[in-house]
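A.B. asks: Sharing entry.cif here; it has mmCIF, C-alpha atoms.
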data_coords
#
loop_
_atom_site.group_PDB
_atom_site.id
_atom_site.type_symbol
_atom_site.label_atom_id
_atom_site.label_comp_id
_atom_site.auth_asym_id
_atom_site.auth_seq_id
_atom_site.Cartn_x
_atom_site.Cartn_y
_atom_site.Cartn_z
ATOM 1 C CA GLU A 297 55.902 33.897 32.955
ATOM 2 C CA VAL A 298 55.961 30.290 31.806
ATOM 3 C CA GLN A 299 59.354 28.824 32.682
ATOM 4 C CA LEU A 300 61.151 25.490 32.806
ATOM 5 C CA VAL A 301 64.471 25.136 34.603
ATOM 6 C CA GLU A 302 66.526 21.956 34.346
ATOM 7 C CA SER A 303 69.130 20.912 36.889
ATOM 8 C CA GLY A 304 71.130 17.882 37.949
ATOM 9 C CA GLY A 305 73.548 17.591 35.066
ATOM 10 C CA GLY A 306 77.219 16.914 35.579
ATOM 11 C CA LEU A 307 80.104 14.555 34.996
ATOM 12 C CA VAL A 308 79.429 10.852 35.547
ATOM 13 C CA GLN A 309 81.451 7.740 34.792
ATOM 14 C CA PRO A 310 80.281 5.158 32.265
ATOM 15 C CA GLY A 311 77.888 2.760 33.957
ATOM 16 C CA GLY A 312 76.850 5.390 36.480
ATOM 17 C CA SER A 313 73.516 7.001 37.227
ATOM 18 C CA LEU A 314 72.163 10.522 37.295
ATOM 19 C CA ARG A 315 68.824 12.147 38.016
ATOM 20 C CA LEU A 316 67.806 15.261 36.138
ATOM 21 C CA SER A 317 65.076 17.585 37.360
ATOM 22 C CA CYS A 318 62.941 20.118 35.564
ATOM 23 C CA ALA A 319 61.096 22.690 37.669
ATOM 24 C CA ALA A 320 58.081 24.345 36.073
ATOM 25 C CA SER A 321 56.453 27.657 36.930
ATOM 26 C CA GLY A 322 53.901 30.057 35.499
ATOM 27 C CA PHE A 323 51.338 27.465 34.388
ATOM 28 C CA THR A 324 49.213 24.598 35.719
ATOM 29 C CA PHE A 325 51.897 21.938 35.510
ATOM 30 C CA SER A 326 49.625 19.034 36.386
ATOM 31 C CA ASP A 327 47.537 19.547 33.239
ATOM 32 C CA HIS A 328 50.407 19.030 30.848
ATOM 33 C CA TYR A 329 52.361 16.182 29.342
ATOM 34 C CA MET A 330 56.137 16.756 29.470
ATOM 35 C CA ASP A 331 58.925 15.711 27.121
ATOM 36 C CA TRP A 332 62.672 15.231 27.466
ATOM 37 C CA VAL A 333 64.849 15.918 24.419
ATOM 38 C CA ARG A 334 68.634 15.746 24.202
ATOM 39 C CA GLN A 335 71.347 17.074 21.938
ATOM 40 C CA ALA A 336 74.826 15.590 21.782
ATOM 41 C CA PRO A 337 77.675 18.064 21.229
ATOM 42 C CA GLY A 338 77.564 19.374 17.664
ATOM 43 C CA LYS A 339 74.706 17.031 16.765
ATOM 44 C CA GLY A 340 70.978 17.240 16.151
ATOM 45 C CA LEU A 341 67.995 16.884 18.435
ATOM 46 C CA GLU A 342 66.915 13.495 19.788
ATOM 47 C CA TRP A 343 63.608 12.929 21.545
ATOM 48 C CA VAL A 344 64.116 10.917 24.751
ATOM 49 C CA GLY A 345 60.643 10.380 26.113
ATOM 50 C CA ARG A 346 57.303 11.684 27.366
ATOM 51 C CA ILE A 347 55.208 11.468 30.495
ATOM 52 C CA ARG A 348 51.501 12.124 30.363
ATOM 53 C CA ASN A 349 49.349 13.708 33.055
ATOM 54 C CA LYS A 350 47.323 12.139 35.874
ATOM 55 C CA ALA A 351 44.206 11.960 33.705
ATOM 56 C CA ASN A 352 46.211 9.680 31.418
ATOM 57 C CA SER A 353 47.654 7.607 34.248
ATOM 58 C CA TYR A 354 51.095 9.228 34.084
ATOM 59 C CA SER A 355 51.850 6.856 31.234
ATOM 60 C CA THR A 356 55.202 7.131 29.488
ATOM 61 C CA GLU A 357 56.799 6.686 26.072
ATOM 62 C CA TYR A 358 60.520 6.271 25.407
ATOM 63 C CA ALA A 359 62.967 6.311 22.549
ATOM 64 C CA ALA A 360 64.675 2.987 21.928
ATOM 65 C CA SER A 361 67.966 4.468 23.205
ATOM 66 C CA ALA A 362 66.304 5.274 26.543
ATOM 67 C CA LYS A 363 64.078 2.244 27.059
ATOM 68 C CA GLY A 364 65.202 0.083 29.972
ATOM 69 C CA ARG A 365 67.842 2.574 31.164
ATOM 70 C CA PHE A 366 65.941 5.849 31.606
ATOM 71 C CA THR A 367 62.798 6.496 33.634
ATOM 72 C CA ILE A 368 60.652 9.607 33.437
ATOM 73 C CA SER A 369 58.561 10.525 36.459
ATOM 74 C CA ARG A 370 56.838 13.590 37.820
ATOM 75 C CA ASP A 371 55.732 15.139 41.084
ATOM 76 C CA ASP A 372 52.788 17.420 40.440
ATOM 77 C CA SER A 373 52.894 18.704 44.036
ATOM 78 C CA LYS A 374 56.370 20.064 43.294
ATOM 79 C CA ASN A 375 55.672 21.101 39.687
ATOM 80 C CA SER A 376 58.583 18.979 38.582
ATOM 81 C CA VAL A 377 59.447 16.288 36.093
ATOM 82 C CA PHE A 378 62.445 14.004 36.410
ATOM 83 C CA LEU A 379 64.672 11.923 34.175
ATOM 84 C CA GLU A 380 66.377 9.093 35.998
ATOM 85 C CA MET A 381 69.274 7.742 33.935
ATOM 86 C CA SER A 382 71.214 4.583 34.698
ATOM 87 C CA SER A 383 73.842 2.419 32.966
ATOM 88 C CA LEU A 384 75.065 5.599 31.320
ATOM 89 C CA LYS A 385 77.213 5.378 28.204
ATOM 90 C CA ASN A 386 79.597 7.822 26.570
ATOM 91 C CA GLU A 387 77.002 8.385 23.861
ATOM 92 C CA ASP A 388 74.536 9.725 26.452
ATOM 93 C CA THR A 389 76.706 12.841 26.712
ATOM 94 C CA ALA A 390 74.398 15.681 25.713
ATOM 95 C CA VAL A 391 72.458 18.740 26.726
ATOM 96 C CA TYR A 392 69.136 17.545 28.100
ATOM 97 C CA TYR A 393 66.066 19.722 27.661
ATOM 98 C CA CYS A 394 62.632 19.379 29.176
ATOM 99 C CA ALA A 395 59.703 20.760 27.205
ATOM 100 C CA ARG A 396 56.033 21.398 27.864
ATOM 101 C CA VAL A 397 53.519 19.640 25.635
ATOM 102 C CA VAL A 398 50.385 21.526 24.685
ATOM 103 C CA VAL A 399 47.357 20.432 22.693
ATOM 104 C CA VAL A 400 46.521 22.810 19.858
ATOM 105 C CA ALA A 401 43.623 21.805 17.642
ATOM 106 C CA GLY A 402 44.306 18.168 18.424
ATOM 107 C CA ASN A 403 48.059 18.452 17.871
ATOM 108 C CA TYR A 404 50.329 17.429 20.761
ATOM 109 C CA ILE A 405 53.280 19.781 20.351
ATOM 110 C CA THR A 406 55.980 21.326 22.529
ATOM 111 C CA ASP A 407 55.819 25.060 23.016
ATOM 112 C CA VAL A 408 58.113 25.968 25.924
ATOM 113 C CA TRP A 409 61.569 24.531 26.515
ATOM 114 C CA GLY A 410 64.032 24.879 29.358
ATOM 115 C CA GLN A 411 67.569 26.128 28.895
ATOM 116 C CA GLY A 412 69.005 22.624 29.189
ATOM 117 C CA THR A 413 71.372 20.860 31.549
ATOM 118 C CA THR A 414 74.618 19.245 30.422
ATOM 119 C CA VAL A 415 75.418 15.614 31.092
ATOM 120 C CA THR A 416 78.931 14.371 30.406
ATOM 121 C CA VAL A 417 79.640 10.658 30.585
ATOM 122 C CA SER A 418 83.367 10.057 30.754
ATOM 123 C CA SER A 419 85.964 8.196 32.767
ATOM 124 C CA ASP B 109 60.709 4.334 13.399
ATOM 125 C CA ILE B 110 59.915 7.155 11.002
ATOM 126 C CA GLN B 111 63.007 8.685 9.432
ATOM 127 C CA LEU B 112 62.982 12.355 8.492
ATOM 128 C CA THR B 113 65.464 13.524 5.870
ATOM 129 C CA GLN B 114 66.056 17.241 5.474
ATOM 130 C CA SER B 115 67.587 18.872 2.457
ATOM 131 C CA PRO B 116 69.825 20.611 2.074
ATOM 132 C CA SER B 117 71.955 19.919 5.165
ATOM 133 C CA SER B 118 73.382 23.413 4.843
ATOM 134 C CA LEU B 119 72.387 26.446 2.884
ATOM 135 C CA SER B 120 74.123 29.744 2.195
ATOM 136 C CA ALA B 121 71.955 32.780 1.628
ATOM 137 C CA SER B 122 71.983 36.562 1.862
ATOM 138 C CA VAL B 123 69.881 39.062 3.732
ATOM 139 C CA GLY B 124 66.659 39.598 1.793
ATOM 140 C CA ASP B 125 66.693 36.163 0.139
ATOM 141 C CA ARG B 126 63.833 33.689 0.169
ATOM 142 C CA VAL B 127 64.831 30.123 1.074
ATOM 143 C CA THR B 128 63.085 26.766 1.178
ATOM 144 C CA ILE B 129 64.009 23.731 3.274
ATOM 145 C CA THR B 130 62.565 20.307 2.570
ATOM 146 C CA CYS B 131 61.738 17.493 4.976
ATOM 147 C CA ARG B 132 60.841 14.039 3.672
ATOM 148 C CA ALA B 133 59.366 11.320 5.891
ATOM 149 C CA SER B 134 60.050 7.624 5.390
ATOM 150 C CA GLN B 135 56.320 6.946 5.685
ATOM 151 C CA ALA B 136 53.179 9.036 5.682
ATOM 152 C CA ILE B 137 52.724 11.212 8.750
ATOM 153 C CA ARG B 138 49.556 13.067 7.684
ATOM 154 C CA ASN B 139 50.316 16.682 8.653
ATOM 155 C CA TYR B 140 51.851 15.919 12.059
ATOM 156 C CA LEU B 141 55.013 17.927 11.529
ATOM 157 C CA VAL B 142 56.682 20.743 13.456
ATOM 158 C CA TRP B 143 59.476 23.051 12.310
ATOM 159 C CA PHE B 144 61.943 24.345 14.901
ATOM 160 C CA GLN B 145 64.586 27.057 14.793
ATOM 161 C CA GLN B 146 67.673 26.723 16.973
ATOM 162 C CA LYS B 147 70.419 29.253 17.542
ATOM 163 C CA PRO B 148 73.813 28.331 19.034
ATOM 164 C CA GLY B 149 73.657 27.660 22.747
ATOM 165 C CA LYS B 150 69.884 28.120 22.874
ATOM 166 C CA ALA B 151 66.892 25.818 23.167
ATOM 167 C CA PRO B 152 64.891 25.122 20.016
ATOM 168 C CA LYS B 153 61.935 27.354 19.270
ATOM 169 C CA SER B 154 58.887 26.030 17.455
ATOM 170 C CA LEU B 155 57.825 27.971 14.379
ATOM 171 C CA ILE B 156 55.212 25.878 12.595
ATOM 172 C CA TYR B 157 52.990 23.013 13.752
ATOM 173 C CA ALA B 158 50.564 20.786 11.870
ATOM 174 C CA ALA B 159 52.825 21.350 8.853
ATOM 175 C CA SER B 160 51.438 24.784 8.028
ATOM 176 C CA SER B 161 50.077 26.482 11.174
ATOM 177 C CA LEU B 162 52.117 29.366 12.491
ATOM 178 C CA GLN B 163 52.994 29.149 16.176
ATOM 179 C CA SER B 164 51.781 32.123 18.199
ATOM 180 C CA GLY B 165 54.160 35.083 18.002
ATOM 181 C CA VAL B 166 56.092 33.778 15.002
ATOM 182 C CA PRO B 167 56.308 36.256 12.112
ATOM 183 C CA SER B 168 54.444 35.474 8.916
ATOM 184 C CA LYS B 169 57.704 35.407 6.949
ATOM 185 C CA PHE B 170 57.828 31.756 8.015
ATOM 186 C CA SER B 171 55.468 29.423 6.224
ATOM 187 C CA GLY B 172 55.090 25.666 5.957
ATOM 188 C CA SER B 173 53.363 23.312 3.604
ATOM 189 C CA GLY B 174 52.979 19.644 2.841
ATOM 190 C CA SER B 175 51.190 16.516 3.903
ATOM 191 C CA GLY B 176 51.909 12.815 3.826
ATOM 192 C CA THR B 177 55.635 12.463 3.271
ATOM 193 C CA ASP B 178 56.856 15.745 1.762
ATOM 194 C CA PHE B 179 57.049 19.038 3.604
ATOM 195 C CA THR B 180 58.647 22.423 3.124
ATOM 196 C CA LEU B 181 59.573 25.382 5.298
ATOM 197 C CA THR B 182 59.921 28.687 3.483
ATOM 198 C CA ILE B 183 61.489 31.791 4.973
ATOM 199 C CA SER B 184 60.981 34.982 3.053
ATOM 200 C CA SER B 185 63.074 38.136 3.208
ATOM 201 C CA LEU B 186 65.878 36.724 5.345
ATOM 202 C CA GLN B 187 67.105 38.912 8.177
ATOM 203 C CA PRO B 188 70.297 38.460 10.237
ATOM 204 C CA GLU B 189 68.347 36.902 13.113
ATOM 205 C CA ASP B 190 67.064 34.129 10.814
ATOM 206 C CA PHE B 191 70.491 32.551 10.334
ATOM 207 C CA ALA B 192 70.220 29.453 12.495
ATOM 208 C CA THR B 193 69.680 25.714 12.276
ATOM 209 C CA TYR B 194 66.224 24.425 11.390
ATOM 210 C CA TYR B 195 64.797 21.038 12.322
ATOM 211 C CA CYS B 196 61.626 19.223 11.345
ATOM 212 C CA GLN B 197 59.974 16.849 13.820
ATOM 213 C CA GLN B 198 57.189 14.326 13.322
ATOM 214 C CA TYR B 199 54.656 13.575 16.030
ATOM 215 C CA ASN B 200 52.452 11.191 14.051
ATOM 216 C CA SER B 201 53.704 8.187 15.989
ATOM 217 C CA PHE B 202 56.151 7.173 18.696
ATOM 218 C CA PRO B 203 59.035 7.434 18.841
ATOM 219 C CA ILE B 204 58.905 11.101 17.950
ATOM 220 C CA THR B 205 61.757 11.794 15.539
ATOM 221 C CA PHE B 206 63.652 14.806 14.204
ATOM 222 C CA GLY B 207 65.311 15.521 10.913
ATOM 223 C CA GLN B 208 69.082 15.930 10.985
ATOM 224 C CA GLY B 209 68.867 19.709 10.683
ATOM 225 C CA THR B 210 69.543 22.350 8.048
ATOM 226 C CA ARG B 211 72.140 24.995 8.853
ATOM 227 C CA LEU B 212 71.315 28.332 7.279
ATOM 228 C CA GLU B 213 74.443 30.460 6.913
ATOM 229 C CA PHE B 214 75.405 33.863 5.544
ATOM 230 C CA LYS B 215 76.668 33.693 1.981
#
Show me the file's structure as structure tokens.

C.D. replies:
Amino acid sequence: EVQLVESGGGLVQPGGSLRLSCAASGFTFSDHYMDWVRQAPGKGLEWVGRIRNKANSYSTEYAASAKGRFTISRDDSKNSVFLEMSSLKNEDTAVYYCARVVVVAGNYITDVWGQGTTVTVSS
Amino acid sequence: DIQLTQSPSSLSASVGDRVTITCRASQAIRNYLVWFQQKPGKAPKSLIYAASSLQSGVPSKFSGSGSGTDFTLTISSLQPEDFATYYCQQYNSFPITFGQGTRLEFK
């Protein structure tokens, strides 16, 4: 069964840091790009960023809200992708999802999502 | 950044109804659009990709159309499990962006 499980969420003070993990199973993780998407309480979905695979140099893309503060990385030997967040703000409070990217007829789309991990930024 | 505007923001309907949700992009995105369904407390589930292609395992009651800047999601014969929030997402260019969502509620 294809599965993604996020962990690492919690309560952090403004200005603090947190590292989220997403453990993948049931598929060849190293082949796939991975996305992070977040959802603030009662709000819509916001794409955070993407990391590509080794064949594409593990290159990354970020939303403007994440650029310079968040870093996406991966460890293919551990079938995991990470979201390192620093200089956290109250507005970063959200459920954070990781999602697998698949290529279907030339379309780079997400097909499997984790259950999410909750990050609360508050003093 | 490409802005996606969904309409309506909320919609009341009854079991058996046919409903249509619209997503308009601030600039042309070819057909690089996905529709998601999200239920409370759950991760989003993709329904349609490339504007009109049904994701594997998704019932044919869901259909999508459009290209360029104007897109629609149609759900026919609404069932209780279809009442949820629906989002469009463009993947034509970075940053990937979502519409604000359409909440489909029981009338």

A.B. asks: Which of these residues is nearest to Asn403 (chain A), using only C-alpha atoms: B:Leu141, B:Leu181, B:Leu155, B:Val166?

C.D. replies: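 The shortest atom-to-atom distance to Asn403 (chain A) comes from B:Leu141.
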
A.B. asks: Quick one: residues within 10 Å of Gln145 (chain B), all atoms listed in the file counted, chain neighbours fewer than 3 positions away excluded, as a list in words?

C.D. replies: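 Once the nearby chain positions are removed, what remains is Lys150, Ala151, Pro152, Lys153, Ser154, Leu155, Ile156, Asp190, Phe191, Ala192, Thr193, Tyr194, Tyr195, Cys196, Gly209, Thr210 and Arg211 of chain B.
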
A.B. asks: Evaluated on this file, the PyMOL selection byres ((chain A and resi 368-382) around 9) picks out some residues - which ones are they, written as a PyMOL selection string?

C.D. replies: chain A and resi 311-321+324-326+330-332+345-347+349-350+354+356-358+362+364-367+383-385+394

A.B. asks: Once you count all atoms listed in the file, which residues of chain A turn out to be within 7 Å of chain B? Could you give them as a PyMOL selection string?

C.D. replies: chain A and resi 340-343+358-359+403+407+409-411

A.B. asks: Between A:Ile405, A:Leu300, A:Val391, A:Val415, which is the closest to Tyr329 (chain A) once you count only C-alpha atoms?

C.D. replies: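 The closest residue to Tyr329 (chain A) is A:Ile405.
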
A.B. asks: Apply the PyMOL selection byres ((chain B and resi 121) around 12) to the file shown and report the selected residues as a list in words.

C.D. replies: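 When the PyMOL selection byres ((chain B and resi 121) around 12) is applied to the shown file, the picked residues are Ser118, Leu119, Ser120, Ser122, Val123, Gly124, Asp125, Arg126, Val127, Thr128, Ile183, Ser184, Ser185, Leu186, Gln187, Pro188, Asp190, Phe191, Ala192, Arg211, Leu212, Glu213, Phe214 and Lys215 of chain B.
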
A.B. asks: Put a box with edges along x, y and z around all the listed atoms of region 134-142 of chain B, pad it by 3 Å on each side, then give me its centre and sizes in Å, one decimal, as JSON.

C.D. replies:
{"center_x": 54.8, "center_y": 13.8, "center_z": 9.4, "size_x": 16.5, "size_y": 19.8, "size_z": 14.1}

A.B. asks: Using CA of Gly322 (chain A) and CA of Gln299 (chain A) as the two end points, give the distance in Å to one decimal.

C.D. replies: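 Distance between the two atoms: 6.3 Å.
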
A.B. asks: Rounded to one decimal place, report the CA of Val408 (chain A)-CA of Ala395 (chain A) distance in Å.

C.D. replies: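 Answer for the CA of Val408 (chain A) to CA of Ala395 (chain A) separation: 5.6 Å.
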
A.B. asks: Find the residue from A:Gly338, A:Phe323, A:Thr406, A:Tyr393 that sits nearest to Trp143 (chain B); use only C-alpha atoms when measuring.

C.D. replies: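 Using only C-alpha atoms, the shortest distance to Trp143 (chain B) belongs to A:Thr406.
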
A.B. asks: One number please: CA of Ala136 (chain B) to CA of Ala336 (chain A), in Å, one decimal.

C.D. replies: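 We find that CA of Ala136 (chain B) and CA of Ala336 (chain A) lie 27.8 Å from each other.
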
A.B. asks: Measuring between all atoms listed in the file, which one of A:Val417, A:Gly412, A:Asn386, A:Val308 shows the shortest distance to Val333 (chain A)?

C.D. replies: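 Of A:Val417, A:Gly412, A:Asn386, A:Val308, the one nearest Val333 (chain A) is A:Gly412, counting all atoms listed in the file.
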
A.B. asks: Apply the PyMOL selection byres ((chain B and resi 176) around 10) to the displayed file and report the matching residues as a ChimeraX atom specification.

C.D. replies: /B:132-141,159,174-175,177-179
